[in-house]
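Everything below belongs to input.cif, which stores mmCIF, C-alpha atoms.
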data_upload
loop_
_atom_site.label_atom_id
_atom_site.label_comp_id
_atom_site.auth_asym_id
_atom_site.auth_seq_id
_atom_site.Cartn_x
_atom_site.Cartn_y
_atom_site.Cartn_z
CA MET A 25 0.00 0.00 0.00
CA ASP A 26 1.04 3.64 -0.46
CA VAL A 27 3.27 5.14 2.22
CA MET A 28 2.96 8.91 1.94
CA THR A 29 3.03 11.97 4.17
CA ALA A 30 2.66 15.67 3.38
CA LYS A 31 6.42 16.21 3.73
CA ASP A 32 7.02 13.72 0.91
CA LEU A 33 5.11 15.85 -1.58
CA LEU A 34 6.75 18.69 -3.47
CA THR A 35 5.09 22.07 -3.17
CA LYS A 36 4.80 24.90 -5.65
CA GLU A 37 6.78 27.08 -3.24
CA GLU A 38 9.70 24.62 -3.08
CA ILE A 39 9.93 24.54 -6.85
CA GLU A 40 9.69 28.34 -7.12
CA LYS A 41 12.53 28.63 -4.58
CA ALA A 42 14.65 26.37 -6.80
CA TYR A 43 13.66 28.47 -9.80
CA GLU A 44 14.99 31.65 -8.17
CA VAL A 45 18.30 29.95 -7.38
CA LEU A 46 18.68 28.50 -10.87
CA ARG A 47 17.41 31.50 -12.87
CA PRO A 48 20.84 33.23 -13.13
CA ILE A 49 22.70 29.92 -13.56
CA ILE A 50 20.76 27.68 -15.95
CA LYS A 51 19.91 28.39 -19.55
CA ARG A 52 16.23 29.14 -20.14
CA THR A 53 15.41 26.70 -22.90
CA PRO A 54 12.88 27.57 -25.61
CA LEU A 55 9.31 26.33 -25.78
CA GLN A 56 9.06 25.85 -29.54
CA HIS A 57 5.93 25.36 -31.59
CA ASP A 58 6.54 22.37 -33.87
CA THR A 59 4.78 22.64 -37.23
CA TYR A 60 5.60 19.14 -38.45
CA LEU A 61 4.34 17.30 -35.35
CA SER A 62 1.33 19.62 -35.08
CA GLN A 63 0.27 18.77 -38.63
CA LYS A 64 0.99 15.07 -38.14
CA TYR A 65 -1.16 14.77 -35.00
CA HIS A 66 -3.72 17.48 -35.81
CA CYS A 67 -3.01 19.47 -32.66
CA ASN A 68 -0.67 22.19 -31.42
CA VAL A 69 2.59 20.59 -30.32
CA TYR A 70 5.23 22.54 -28.42
CA LEU A 71 8.66 21.14 -27.62
CA LYS A 72 10.46 22.14 -24.43
CA ARG A 73 14.04 21.90 -25.66
CA GLU A 74 16.07 20.71 -22.67
CA ASP A 75 18.46 19.14 -25.17
CA LEU A 76 19.77 22.69 -25.63
CA GLN A 77 21.03 23.00 -22.05
CA ALA A 78 24.76 23.48 -21.43
CA VAL A 79 25.10 19.75 -20.77
CA ARG A 80 22.41 18.87 -23.36
CA SER A 81 20.00 17.58 -20.70
CA PHE A 82 17.59 18.76 -17.99
CA LYS A 83 19.67 17.01 -15.34
CA ILE A 84 21.83 20.10 -14.80
CA ARG A 85 18.88 21.70 -12.98
CA GLY A 86 18.45 19.11 -10.25
CA ALA A 87 22.20 18.54 -9.90
CA TYR A 88 23.05 22.20 -9.40
CA TYR A 89 20.17 22.90 -7.05
CA ALA A 90 20.81 19.84 -4.88
CA ILE A 91 24.51 20.66 -4.57
CA SER A 92 23.76 24.35 -3.88
CA GLN A 93 21.52 23.37 -0.97
CA THR A 94 24.27 21.32 0.69
CA PRO A 95 26.06 23.28 3.46
CA ALA A 96 29.17 24.93 2.01
CA ALA A 97 31.58 23.31 4.46
CA VAL A 98 30.17 19.87 3.66
CA ARG A 99 30.17 20.19 -0.11
CA GLN A 100 33.74 21.51 -0.15
CA ARG A 101 34.87 18.06 0.96
CA GLY A 102 33.38 16.70 -2.26
CA VAL A 103 30.21 15.04 -3.50
CA VAL A 104 29.37 11.65 -4.98
CA CYS A 105 26.74 10.63 -7.53
CA ALA A 106 25.61 7.66 -9.59
CA SER A 107 24.32 8.14 -13.10
CA ALA A 108 23.79 6.56 -16.51
CA GLY A 109 25.24 9.77 -17.98
CA ASN A 110 23.16 12.94 -17.86
CA HIS A 111 23.00 13.44 -14.08
CA ALA A 112 26.74 12.80 -14.03
CA GLN A 113 27.27 15.60 -16.55
CA GLY A 114 25.15 17.96 -14.48
CA VAL A 115 27.12 17.12 -11.32
CA ALA A 116 30.44 17.43 -13.16
CA TRP A 117 29.46 20.81 -14.65
CA THR A 118 28.30 22.08 -11.25
CA CYS A 119 31.40 20.91 -9.41
CA HIS A 120 33.67 22.52 -11.99
CA LYS A 121 31.72 25.78 -11.64
CA LEU A 122 31.72 25.69 -7.82
CA LYS A 123 35.32 24.38 -7.66
CA ILE A 124 34.57 21.29 -5.57
CA PRO A 125 35.60 17.65 -6.21
CA ALA A 126 33.19 14.96 -7.39
CA VAL A 127 33.40 11.16 -7.61
CA ILE A 128 30.97 9.87 -10.22
CA PHE A 129 29.87 6.24 -10.53
CA MET A 130 28.54 5.19 -13.94
CA PRO A 131 27.46 1.79 -15.33
CA VAL A 132 30.03 0.06 -17.49
CA THR A 133 27.35 0.00 -20.22
CA THR A 134 27.15 3.81 -20.42
CA PRO A 135 27.79 5.02 -24.02
CA ARG A 136 31.35 6.31 -24.41
CA GLN A 137 30.03 9.66 -25.63
CA LYS A 138 28.44 10.30 -22.24
CA VAL A 139 31.54 9.23 -20.33
CA ASP A 140 33.69 11.57 -22.44
CA GLN A 141 31.24 14.43 -21.88
CA VAL A 142 31.40 13.95 -18.10
CA LYS A 143 35.18 14.25 -18.29
CA PHE A 144 34.85 17.38 -20.43
CA PHE A 145 32.31 19.15 -18.22
CA GLY A 146 34.16 18.18 -15.05
CA GLY A 147 37.29 19.96 -16.21
CA GLY A 148 39.44 17.96 -13.78
CA ALA A 149 36.98 18.22 -10.88
CA ALA A 150 35.39 14.83 -11.55
CA THR A 151 36.77 11.33 -10.96
CA ILE A 152 34.82 8.68 -12.90
CA LYS A 153 34.36 5.11 -11.70
CA LEU A 154 32.71 2.69 -14.16
CA THR A 155 30.93 0.06 -12.06
CA GLY A 156 28.22 -2.55 -12.71
CA ASP A 157 25.99 -3.20 -15.72
CA THR A 158 23.03 -1.06 -14.61
CA PHE A 159 22.34 2.26 -12.93
CA ASP A 160 21.15 0.40 -9.83
CA ALA A 161 24.49 -1.41 -9.48
CA ALA A 162 26.39 1.86 -9.89
CA ALA A 163 24.11 3.53 -7.32
CA GLN A 164 24.85 0.83 -4.75
CA ALA A 165 28.58 1.22 -5.31
CA ALA A 166 28.24 5.00 -4.91
CA ALA A 167 26.29 4.58 -1.65
CA ASN A 168 28.99 2.27 -0.28
CA TYR A 169 31.70 4.77 -1.25
CA CYS A 170 29.82 7.64 0.43
CA GLU A 171 29.54 5.69 3.66
CA GLU A 172 33.21 4.73 3.57
CA LYS A 173 34.51 8.24 2.80
CA GLN A 174 31.79 10.20 4.65
CA LEU A 175 30.91 12.25 1.58
CA THR A 176 27.58 13.71 0.38
CA PHE A 177 25.52 11.75 -2.13
CA ILE A 178 23.74 13.81 -4.80
CA ALA A 179 20.74 11.70 -5.74
CA PRO A 180 19.80 11.56 -9.44
CA PHE A 181 16.06 11.51 -8.73
CA ASP A 182 14.88 10.38 -5.29
CA ASP A 183 15.56 13.64 -3.46
CA LYS A 184 13.31 16.66 -3.00
CA HIS A 185 16.00 19.17 -3.98
CA THR A 186 16.78 17.24 -7.17
CA MET A 187 13.07 16.93 -7.95
CA ALA A 188 12.47 20.63 -7.27
CA GLY A 189 15.31 21.52 -9.62
CA GLN A 190 13.75 19.46 -12.41
CA GLY A 191 10.39 21.05 -11.64
CA THR A 192 11.74 24.46 -12.67
CA ILE A 193 11.18 23.32 -16.27
CA ALA A 194 7.45 23.61 -15.60
CA CYS A 195 7.92 27.16 -14.27
CA GLU A 196 9.37 28.16 -17.64
CA ILE A 197 6.75 26.22 -19.61
CA PHE A 198 3.80 27.93 -17.95
CA GLU A 199 5.43 31.38 -17.96
CA ASP A 200 6.04 31.11 -21.70
CA ALA A 201 2.60 29.64 -22.34
CA ALA A 202 0.95 32.51 -20.48
CA ALA A 203 3.04 35.06 -22.36
CA HIS A 204 1.68 33.67 -25.65
CA ASP A 205 -1.87 33.19 -24.28
CA VAL A 206 -1.57 29.40 -24.66
CA THR A 207 -3.42 26.91 -22.45
CA VAL A 208 -1.53 23.63 -22.03
CA ASP A 209 -3.93 20.67 -22.28
CA TYR A 210 -1.35 17.86 -22.13
CA LEU A 211 2.21 17.61 -20.82
CA PHE A 212 4.26 14.54 -21.83
CA ALA A 213 7.62 13.73 -20.20
CA ALA A 214 9.94 10.76 -19.78
CA ILE A 215 10.27 8.67 -16.64
CA GLY A 216 13.45 6.94 -15.54
CA GLY A 217 13.67 7.09 -11.78
CA GLY A 218 10.89 9.69 -11.70
CA GLY A 219 12.61 12.96 -10.69
CA LEU A 220 11.61 14.84 -13.83
CA ILE A 221 7.96 13.78 -13.91
CA SER A 222 7.61 14.41 -10.16
CA GLY A 223 8.86 17.99 -10.38
CA LEU A 224 6.88 18.75 -13.54
CA ALA A 225 3.65 17.23 -12.27
CA ALA A 226 3.83 18.79 -8.80
CA TYR A 227 4.17 22.29 -10.23
CA THR A 228 1.70 21.73 -13.07
CA LYS A 229 -1.10 20.50 -10.83
CA ASN A 230 -0.62 23.53 -8.56
CA VAL A 231 -0.83 26.12 -11.35
CA SER A 232 -2.93 24.37 -14.04
CA SER A 233 -4.91 21.51 -12.53
CA ALA A 234 -6.75 20.87 -15.82
CA THR A 235 -3.50 20.04 -17.63
CA LYS A 236 -3.18 16.28 -18.06
CA VAL A 237 0.31 15.07 -17.10
CA ILE A 238 1.44 11.88 -18.83
CA GLY A 239 4.61 10.03 -17.86
CA VAL A 240 6.30 7.94 -20.53
CA GLU A 241 8.50 4.90 -19.88
CA PRO A 242 10.30 2.50 -22.23
CA THR A 243 8.49 -0.84 -22.41
CA GLY A 244 11.60 -2.71 -21.32
CA ALA A 245 12.16 -0.64 -18.17
CA ALA A 246 8.75 0.45 -16.87
CA SER A 247 9.68 0.61 -13.18
CA MET A 248 7.19 3.35 -12.26
CA ALA A 249 4.31 1.41 -13.81
CA ALA A 250 5.38 -1.62 -11.76
CA ALA A 251 5.37 0.55 -8.64
CA PHE A 252 1.88 1.84 -9.42
CA LYS A 253 0.67 -1.72 -9.87
CA CYS A 254 2.11 -2.94 -6.56
CA GLY A 255 1.43 0.19 -4.50
CA HIS A 256 5.14 0.79 -3.78
CA PRO A 257 8.47 0.76 -5.63
CA VAL A 258 9.58 -2.69 -6.73
CA THR A 259 12.73 -3.91 -8.44
CA LEU A 260 12.32 -5.23 -11.96
CA GLU A 261 14.09 -8.53 -12.51
CA HIS A 262 15.23 -7.63 -16.03
CA ILE A 263 15.35 -4.38 -17.99
CA ASP A 264 16.19 -3.43 -21.56
CA LYS A 265 19.08 -0.98 -21.21
CA PHE A 266 18.73 0.51 -24.70
CA VAL A 267 16.95 3.68 -23.49
CA ASP A 268 19.84 4.21 -21.11
CA GLY A 269 18.62 7.53 -19.69
CA ALA A 270 15.42 5.82 -18.48
CA ALA A 271 16.71 2.30 -17.78
CA VAL A 272 16.13 2.19 -14.01
CA LYS A 273 15.18 -1.05 -12.27
CA THR A 274 13.62 0.58 -9.21
CA ALA A 275 11.66 3.85 -9.09
CA GLY A 276 12.35 6.08 -6.09
CA GLN A 277 10.08 6.15 -3.05
CA LEU A 278 9.73 9.95 -3.09
CA THR A 279 9.26 10.05 -6.84
CA TYR A 280 6.68 7.28 -6.62
CA ASN A 281 4.76 9.22 -3.96
CA ASN A 282 4.73 12.39 -6.03
CA ALA A 283 3.93 10.63 -9.31
CA LYS A 284 1.09 8.74 -7.65
CA LYS A 285 -0.33 12.01 -6.33
CA TYR A 286 0.13 14.25 -9.36
CA VAL A 287 0.58 12.23 -12.58
CA ASP A 288 -2.62 11.51 -14.51
CA GLN A 289 -1.42 8.59 -16.62
CA LEU A 290 1.56 6.34 -17.24
CA VAL A 291 2.23 4.93 -20.71
CA ASN A 292 5.03 2.84 -22.15
CA VAL A 293 6.61 2.97 -25.57
CA ALA A 294 8.43 0.12 -27.33
CA GLU A 295 12.16 0.66 -27.78
CA GLY A 296 11.78 0.15 -31.55
CA HIS A 297 9.21 2.95 -31.72
CA VAL A 298 11.58 5.21 -29.79
CA CYS A 299 14.16 4.53 -32.51
CA THR A 300 11.69 5.44 -35.25
CA THR A 301 10.92 8.69 -33.41
CA LEU A 302 14.63 9.49 -32.99
CA LEU A 303 15.21 9.12 -36.72
CA GLU A 304 12.11 11.16 -37.51
CA LEU A 305 13.16 14.00 -35.20
CA TYR A 306 16.57 14.04 -36.84
CA SER A 307 15.45 13.81 -40.48
CA LYS A 308 12.34 16.01 -40.27
CA GLU A 309 13.33 18.47 -37.52
CA ALA A 310 17.15 18.43 -37.35
CA ILE A 311 16.79 17.61 -33.62
CA VAL A 312 19.41 15.26 -32.20
CA ALA A 313 17.63 13.58 -29.28
CA GLU A 314 18.84 10.69 -27.17
CA PRO A 315 16.50 7.70 -26.70
CA ALA A 316 15.10 8.95 -23.37
CA GLY A 317 14.77 12.42 -24.86
CA ALA A 318 12.46 11.12 -27.59
CA LEU A 319 10.11 9.19 -25.28
CA SER A 320 7.63 12.06 -24.88
CA VAL A 321 7.23 12.55 -28.64
CA ALA A 322 7.04 8.80 -29.27
CA ALA A 323 4.01 8.60 -26.95
CA LEU A 324 1.97 10.93 -29.19
CA GLU A 325 1.32 8.10 -31.67
CA GLU A 326 -0.88 6.17 -29.25
CA HIS A 327 -2.66 9.33 -28.09
CA GLN A 328 -3.39 10.98 -31.44
CA ALA A 329 -7.17 10.62 -31.18
CA GLU A 330 -7.17 11.99 -27.62
CA ILE A 331 -4.92 14.99 -28.33
CA SER A 332 -6.53 16.02 -31.63
CA GLY A 333 -7.28 19.75 -31.52
CA LYS A 334 -5.51 20.19 -28.16
CA THR A 335 -2.32 21.96 -27.08
CA VAL A 336 0.44 19.53 -26.16
CA VAL A 337 3.88 20.09 -24.63
CA CYS A 338 6.56 17.42 -24.98
CA VAL A 339 9.76 17.72 -22.97
CA ILE A 340 12.79 16.79 -25.09
CA SER A 341 14.74 15.82 -22.01
CA GLY A 342 18.18 15.23 -23.51
CA GLY A 343 20.30 15.16 -26.64
CA ASN A 344 23.34 13.14 -25.61
CA ASN A 345 23.19 10.51 -28.32
CA ASP A 346 26.31 8.60 -29.31
CA ILE A 347 26.75 8.68 -33.10
CA GLU A 348 28.14 5.13 -32.90
CA ARG A 349 24.65 3.93 -31.89
CA MET A 350 22.95 5.20 -35.04
CA GLN A 351 23.27 1.90 -36.91
CA GLU A 352 21.64 0.06 -34.01
CA ILE A 353 18.93 2.71 -33.83
CA LYS A 354 18.17 2.34 -37.54
CA GLU A 355 18.16 -1.46 -37.22
CA ARG A 356 15.75 -1.43 -34.26
CA SER A 357 13.47 0.98 -36.07
CA LEU A 358 13.31 -1.18 -39.20
CA VAL A 359 12.58 -4.33 -37.17
CA TYR A 360 9.87 -2.55 -35.18
CA GLU A 361 8.29 -1.06 -38.31
CA GLY A 362 8.23 -4.51 -39.92
CA TYR A 363 10.67 -3.82 -42.76
CA GLN A 364 13.59 -5.90 -41.48
CA CYS A 365 13.23 -9.60 -40.65
CA TYR A 366 15.64 -12.34 -39.57
CA PHE A 367 15.11 -16.07 -39.89
CA ILE A 368 16.99 -19.31 -39.31
CA VAL A 369 16.17 -21.68 -42.15
CA ASN A 370 17.31 -25.22 -42.92
CA PHE A 371 19.06 -24.90 -46.24
CA PRO A 372 19.78 -27.74 -48.75
CA GLN A 373 23.51 -28.31 -49.17
CA ARG A 374 23.68 -28.59 -52.97
CA PRO A 375 24.58 -26.35 -55.89
CA GLY A 376 21.81 -23.96 -57.00
CA ALA A 377 19.97 -24.04 -53.67
CA LEU A 378 20.56 -20.36 -52.94
CA ARG A 379 19.25 -19.32 -56.38
CA GLU A 380 16.13 -21.41 -55.83
CA MET A 381 15.61 -19.95 -52.39
CA VAL A 382 15.85 -16.39 -53.68
CA SER A 383 13.49 -17.00 -56.59
CA GLU A 384 10.96 -19.04 -54.60
CA ILE A 385 10.80 -17.10 -51.33
CA LEU A 386 11.59 -13.42 -51.91
CA ASP A 387 9.21 -10.90 -53.45
CA LYS A 388 10.61 -8.86 -56.33
CA ASP A 389 11.13 -5.78 -54.12
CA ASP A 390 12.61 -7.67 -51.14
CA ASP A 391 16.35 -7.83 -50.53
CA ILE A 392 18.77 -10.05 -48.60
CA THR A 393 20.74 -7.99 -46.07
CA LYS A 394 22.42 -10.84 -44.18
CA PHE A 395 23.31 -14.40 -45.12
CA GLU A 396 25.46 -16.57 -42.86
CA TYR A 397 26.01 -20.21 -43.74
CA THR A 398 28.77 -22.74 -43.24
CA LYS A 399 28.58 -25.95 -45.25
CA LYS A 400 28.60 -29.07 -43.06
CA VAL A 401 30.33 -32.22 -44.33
CA ASN A 402 28.08 -35.27 -44.92
CA ARG A 403 24.84 -33.45 -44.16
CA GLY A 404 21.94 -32.89 -46.51
CA LYS A 405 20.91 -29.62 -44.89
CA GLY A 406 22.44 -26.89 -42.75
CA PRO A 407 21.02 -23.90 -40.83
CA VAL A 408 21.22 -20.48 -42.47
CA LEU A 409 20.82 -17.09 -40.79
CA ILE A 410 19.12 -14.85 -43.30
CA GLY A 411 18.18 -11.19 -42.99
CA ILE A 412 15.53 -9.83 -45.36
CA ARG A 413 14.61 -6.19 -45.99
CA LEU A 414 11.02 -6.05 -47.19
CA GLY A 415 10.03 -3.68 -49.96
CA LYS A 416 6.60 -3.34 -48.36
CA ARG A 417 5.49 -4.33 -44.88
CA GLN A 418 2.56 -6.30 -46.28
CA ASN A 419 5.06 -8.65 -47.93
CA ILE A 420 5.65 -10.37 -44.59
CA ARG A 421 2.70 -12.81 -44.53
CA PRO A 422 3.28 -14.22 -48.05
CA LEU A 423 6.99 -14.44 -47.21
CA GLN A 424 6.28 -16.43 -44.05
CA GLU A 425 4.00 -18.79 -45.95
CA ARG A 426 6.65 -19.45 -48.61
CA LEU A 427 9.27 -19.96 -45.88
CA ARG A 428 6.96 -22.48 -44.20
CA GLN A 429 6.74 -24.45 -47.45
CA PHE A 430 10.52 -24.27 -47.87
CA ASP A 431 11.19 -25.28 -44.23
CA PRO A 432 8.27 -26.03 -41.88
CA TYR A 433 10.62 -25.65 -38.90
CA TYR A 434 12.12 -22.24 -39.69
CA ILE A 435 12.66 -19.83 -36.74
CA ASP A 436 11.54 -16.20 -36.79
CA LEU A 437 14.11 -14.41 -34.62
CA LYS A 438 11.60 -11.68 -33.78
CA GLU A 439 9.93 -14.30 -31.61
CA ASN A 440 13.16 -15.37 -29.89
CA GLN A 441 14.94 -12.39 -28.34
CA MET A 442 17.84 -14.43 -26.99
CA LEU A 443 18.70 -15.87 -30.41
CA TYR A 444 18.22 -12.45 -32.01
CA GLU A 445 20.67 -10.76 -29.63
CA MET A 446 23.21 -13.58 -30.06
CA MET A 447 23.07 -13.84 -33.85
CA VAL A 448 22.17 -10.35 -35.04
#
Output the structure of this file as structure tokens.
Amino acid sequence: MDVMTAKDLLTKEEIEKAYEVLRPIIKRTPLQHDTYLSQKYHCNVYLKREDLQAVRSFKIRGAYYAISQTPAAVRQRGVVCASAGNHAQGVAWTCHKLKIPAVIFMPVTTPRQKVDQVKFFGGGAATIKLTGDTFDAAAQAAANYCEEKQLTFIAPFDDKHTMAGQGTIACEIFEDAAAHDVTVDYLFAAIGGGGLISGLAAYTKNVSSATKVIGVEPTGAASMAAAFKCGHPVTLEHIDKFVDGAAVKTAGQLTYNNAKKYVDQLVNVAEGHVCTTLLELYSKEAIVAEPAGALSVAALEEHQAEISGKTVVCVISGGNNDIERMQEIKERSLVYEGYQCYFIVNFPQRPGALREMVSEILDKDDDITKFEYTKKVNRGKGPVLIGIRLGKRQNIRPLQERLRQFDPYYIDLKENQMLYEMMV
């Protein structure tokens, strides 16, 4: 059951206090009307461009405010944080600016681009320790280090100062909306541990109670939805780490309390759809978003009937995307959209078999993108890994029927994630 007291809930006044502290420090990011998305979804879409912050993410707000509220004598000894990347950059930037040391724990799986950016923003103030495969493992290592060294931990989300700092985004949104005589009907934002959505929702519901606040999680790491279902934070057994900025196994207790109180709806978006949205933002809008940064826009697809004719704000929460991931992003998008397929097929070991397979199975506008086969001695057949790029998505059912005739026991790797990850 819910465990909540009044002191757990963020107030409008706490967020406005953070806003006054951050106003001369943090860049005021634009609230941009987006013509393309507005036309696509038949509504008025505004993007809150937190990807344009100094560290290309909203995390600088909570990091700076939380550190600023630590007693000066304490913070001069140094601070510690755990992060999948963006919070680490905010802490590093802050510590460089305030001239205090920081020890930053990051998962080993963090994209190199984010690790390099932490080093850059820290300017020598930050020591990086790569630990564990997930944020949760890095967080535990950071907590142990804090206890051992008696240093201050700067929480990435489950802390009222951090949450209040993130909530200052909503202060700017509603100030700008009022200046342009705009009423915000819907506010979409990503959820990882829940600090962003907690701050946004707490302020929003205190100044515009009619605005519907929707939190968006990746399907493979929906820890807040699991908490809502159980009535308290729970630890997910497995998560998909692709949306690294939102890949958190356990939502925070404070963030859960605030989200439960203030957030109207939780939704999840498939990682493949996030990839499609990333590519669309880049090609149509020239916006370089990271996977977590695109979650809010990706959620519009499932809500297009509901938001038609309304005014919608999507928070682009970050733009720290590693260019080396673009091939994987394109691949995931194609698989999700149904254009790229992978199969394991038993293949006859005789001359001309490949030509027959191509002519009998593929449609005229399909193409082979991957073909891995090693001939086995003294065997009539051998398994083949074949990747096929469909010319049209509707080609898939006839293709599957022809494959079934060719090999009744073929394997569609879309239905076997373990084999897909191992072989593709």
**Q.** All residues 10 Å or closer to segment 201-206 of chain A, only C-alpha atoms, same chain fewer than 3 positions away omitted, as a PyMOL selection string
**A.** chain A and resi 55+68+70+195-198+209+335+337
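Straight-line separation from atom CA of Asn345 of chain A to atom CA of Ala78 of chain A: 14.8 Å.
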Q. Counting only C-alpha atoms, what is within 7 Å of Ser247 of chain A, bar same-chain residues fewer than 5 positions away, as a PyMOL selection string?
A. chain A and resi 260+272-275
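The smallest atom-to-atom distance between Phe371 of chain A and any of A:Glu326, A:Glu241, A:Asp431, A:Glu425, using only C-alpha atoms, is found for A:Asp431.
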Name all residues at most 8 Å from Val115 of chain A (count all atoms listed in the file; drop same-chain ones fewer than 5 positions away) and give them as a PDB file with C-alpha atoms, in the frame of the given file.
ATOM      1  CA  ILE A  84      21.830  20.100 -14.800  1.00  0.00           C
ATOM      2  CA  ALA A  87      22.200  18.540  -9.900  1.00  0.00           C
ATOM      3  CA  TYR A  88      23.050  22.200  -9.400  1.00  0.00           C
ATOM      4  CA  CYS A 105      26.740  10.630  -7.530  1.00  0.00           C
ATOM      5  CA  ALA A 126      33.190  14.960  -7.390  1.00  0.00           C
TER       6      ALA A 126
END
Q.
Please expand the PyMOL selection byres ((chain A and resi 417) around 12) into the concrete residues it hits in this file, giving the result as a PyMOL selection string.
A. chain A and resi 358-365+387+389-390+412-416+418-423
(Q) I'd like the residues picked by the PyMOL selection byres ((chain A and resi 111) around 7) written out as a PyMOL selection string, using the chain letters and numbers from the file. (A) chain A and resi 83-84+87+107+109-110+112-115+180
Q) Which one of A:Phe159, A:Thr176, A:Glu309, A:Phe367 sits closest to Gln56 of chain A if you count all atoms listed in the file? A) A:Glu309
Q: Run through the PyMOL selection byres ((chain A and resi 162) around 10) on the given coordinates and return the selected residues as a ChimeraX atom specification.
A: /A:105-108,128-132,153-161,163-168
**Q.** For Ala316 of chain A: contacts at 8 Å, only C-alpha atoms, fewer than 2 positions along chain excluded, given as a PyMOL selection string
**A.** chain A and resi 214+267-270+313-314+318-319+341-342
Q) With all atoms listed in the file as the atoms that count, which of A:Lys173, A:Val98, A:Val339, A:Lys354 lies nearest to Val69 of chain A? A)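 Checking each of A:Lys173, A:Val98, A:Val339, A:Lys354 against Val69 of chain A, counting all atoms listed in the file, the winner is A:Val339.
What separates atom CA of Cys67 of chain A from atom CA of Ile238 of chain A is a distance of 16.4 Å.
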**Q.** Gap from atom CA of Ala323 of chain A to atom CA of Ile263 of chain A - Å, one decimal
**A.** 19.4 Å
**Q.** Nearest residue to Lys123 of chain A from the set A:Arg426, A:Leu220, A:Asp140, A:Gly102 (distances using all atoms listed in the file)
**A.**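 Counting all atoms listed in the file, the residue closest to Lys123 of chain A is A:Gly102.
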Q) Counting all atoms listed in the file, which residues come within 10 Å of (18.5, 28.9, -12.9), with the point read in the file's coordinates, and could you list them as a ChimeraX atom specification? A) /A:42-52,84-85,88-89,189,192-193
Export of prior selection with C-alpha atoms as an mmCIF file, in the frame of the given file:
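Result went into again-v4.cif, see below:
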data_model
loop_
_atom_site.group_PDB
_atom_site.id
_atom_site.type_symbol
_atom_site.label_atom_id
_atom_site.label_comp_id
_atom_site.auth_asym_id
_atom_site.auth_seq_id
_atom_site.Cartn_x
_atom_site.Cartn_y
_atom_site.Cartn_z
ATOM 1 C CA ALA A 42 14.650 26.370 -6.800
ATOM 2 C CA TYR A 43 13.660 28.470 -9.800
ATOM 3 C CA GLU A 44 14.990 31.650 -8.170
ATOM 4 C CA VAL A 45 18.300 29.950 -7.380
ATOM 5 C CA LEU A 46 18.680 28.500 -10.870
ATOM 6 C CA ARG A 47 17.410 31.500 -12.870
ATOM 7 C CA PRO A 48 20.840 33.230 -13.130
ATOM 8 C CA ILE A 49 22.700 29.920 -13.560
ATOM 9 C CA ILE A 50 20.760 27.680 -15.950
ATOM 10 C CA LYS A 51 19.910 28.390 -19.550
ATOM 11 C CA ARG A 52 16.230 29.140 -20.140
ATOM 12 C CA ILE A 84 21.830 20.100 -14.800
ATOM 13 C CA ARG A 85 18.880 21.700 -12.980
ATOM 14 C CA TYR A 88 23.050 22.200 -9.400
ATOM 15 C CA TYR A 89 20.170 22.900 -7.050
ATOM 16 C CA GLY A 189 15.310 21.520 -9.620
ATOM 17 C CA THR A 192 11.740 24.460 -12.670
ATOM 18 C CA ILE A 193 11.180 23.320 -16.270
#
Q. Could you pull the residues within 10 Å of Tyr444 of chain A, counting only C-alpha atoms, minus those fewer than 6 positions along the same chain, as a count of residues only?
A. 5
**Q.** Nearest to Cys119 of chain A, chosen from A:Ile39, A:Val142, A:Leu33, A:Ala234, with all atoms listed in the file counted in the distances
**A.**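 Of A:Ile39, A:Val142, A:Leu33, A:Ala234, the one nearest Cys119 of chain A is A:Val142, counting all atoms listed in the file.
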**Q.** Proximity to Leu302 of chain A - best of A:Gly343, A:Gly276, A:Gly218, A:Gly406, only C-alpha atoms
**A.**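 Ranking A:Gly343, A:Gly276, A:Gly218, A:Gly406 by distance to Leu302 of chain A, first place goes to A:Gly343.
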Q. Which residues, protein or nucleic acid, reach to within 12 Å of (10.3, -25.1, -41.5) in the file's coordinates when using all atoms listed in the file, and can you give that as a ChimeraX atom specification?
A. /A:367-371,407-408,424-436
